[in-house]
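Here's the structure, in structure tokens; my notes come after.
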Amino acid sequence: LPWTPPCVHLWAPRVHPTPSQSYLHNSTLFSLDGECVFPFWYKNKLFYDCIKYGMRHKWCSLNKTFEGHWKYCSETDFAPCVFPFWYERLIYWECTDDGDDFGRKWCSLTKNYNKDQAWKYC
């Protein structure tokens with residue numbers, strides 16, 4: 001088998017430091033390795049999971065505050081449910097369908113859904 005490096009970093013010169021790859025004077029670093037950091041700040045908003053913002057596929061930041069280092073999310077990168085979590089006046093220890101108009105089970109991505117409003121379907 002041919003040797004392959006353990007990690008690959010692709011540099012995109014003259015690209016704005018966002019995954020949308022707007023052509024400006026800064027640079028961005030796309031990585032095939034590294035761990036997603038949750039939550040992360042991007043464009044003055046806090047994200048608790050992989051996002052599709054400006055891209056075809058979901059991606060995440062490799063820094064707590066997005067600094068141009070990012071990667072596409074794989075199945076193992078998505079933020080996990082946080083248990084127990086507080087929703088309205090109850091504490092939940094598993095996914096719930098409470099509050100979902102279509103009866104789909106969901107969970108919080110933080111311990112306090114009431115405060116953070118961060119969630120995903122289970």
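By convention here, the chains of the structure tokens are called A, B, ... in the order presented, each chain's residues are numbered starting at 1, and ligands are numbered starting at 1 in the order presented.
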Show me a table, sorted first by chain and then by increasing residue number, of the residues of range 41-95 of chain A having an atom at most 12 Å from range 107-112 of chain A, each with its shortest atom pair and the distance in Å to one decimal, counting only C-alpha atoms and written as a Markdown table.
| residue | atom | partner | partner_atom | distance |
| --- | --- | --- | --- | --- |
| A:Phe47 | CA | A:Leu109 | CA | 10.1 |
| A:Tyr48 | CA | A:Leu109 | CA | 6.6 |
| A:Asp49 | CA | A:Leu109 | CA | 8.0 |
| A:Cys50 | CA | A:Leu109 | CA | 11.6 |
| A:Phe78 | CA | A:Leu109 | CA | 10.3 |
| A:Ala79 | CA | A:Leu109 | CA | 7.0 |
| A:Pro80 | CA | A:Leu109 | CA | 6.6 |
| A:Cys81 | CA | A:Leu109 | CA | 5.1 |
| A:Val82 | CA | A:Leu109 | CA | 5.3 |
| A:Phe83 | CA | A:Lys111 | CA | 6.8 |
| A:Pro84 | CA | A:Lys111 | CA | 6.4 |
| A:Phe85 | CA | A:Lys111 | CA | 4.3 |
| A:Trp86 | CA | A:Asn112 | CA | 4.9 |
| A:Tyr87 | CA | A:Asn112 | CA | 6.9 |
| A:Glu88 | CA | A:Asn112 | CA | 9.3 |
| A:Arg89 | CA | A:Asn112 | CA | 10.8 |
| A:Leu90 | CA | A:Asn112 | CA | 10.5 |
| A:Ile91 | CA | A:Asn112 | CA | 9.2 |
| A:Tyr92 | CA | A:Cys107 | CA | 8.6 |
| A:Trp93 | CA | A:Cys107 | CA | 9.3 |
| A:Glu94 | CA | A:Cys107 | CA | 7.3 |
| A:Cys95 | CA | A:Cys107 | CA | 5.0 |
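CA of Asp97 in chain A sits 9.7 Å away from CA of Cys122 in chain A.
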Which residue of A:Trp106, A:Lys120, A:Asp101, A:Cys36 approaches Thr76 in chain A most closely, using only C-alpha atoms: A:Cys36
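Using only C-alpha atoms, the smallest distance between any of A:Asp116, A:Gly34, A:Lys43, A:Glu75 and Leu62 in chain A comes from A:Gly34.
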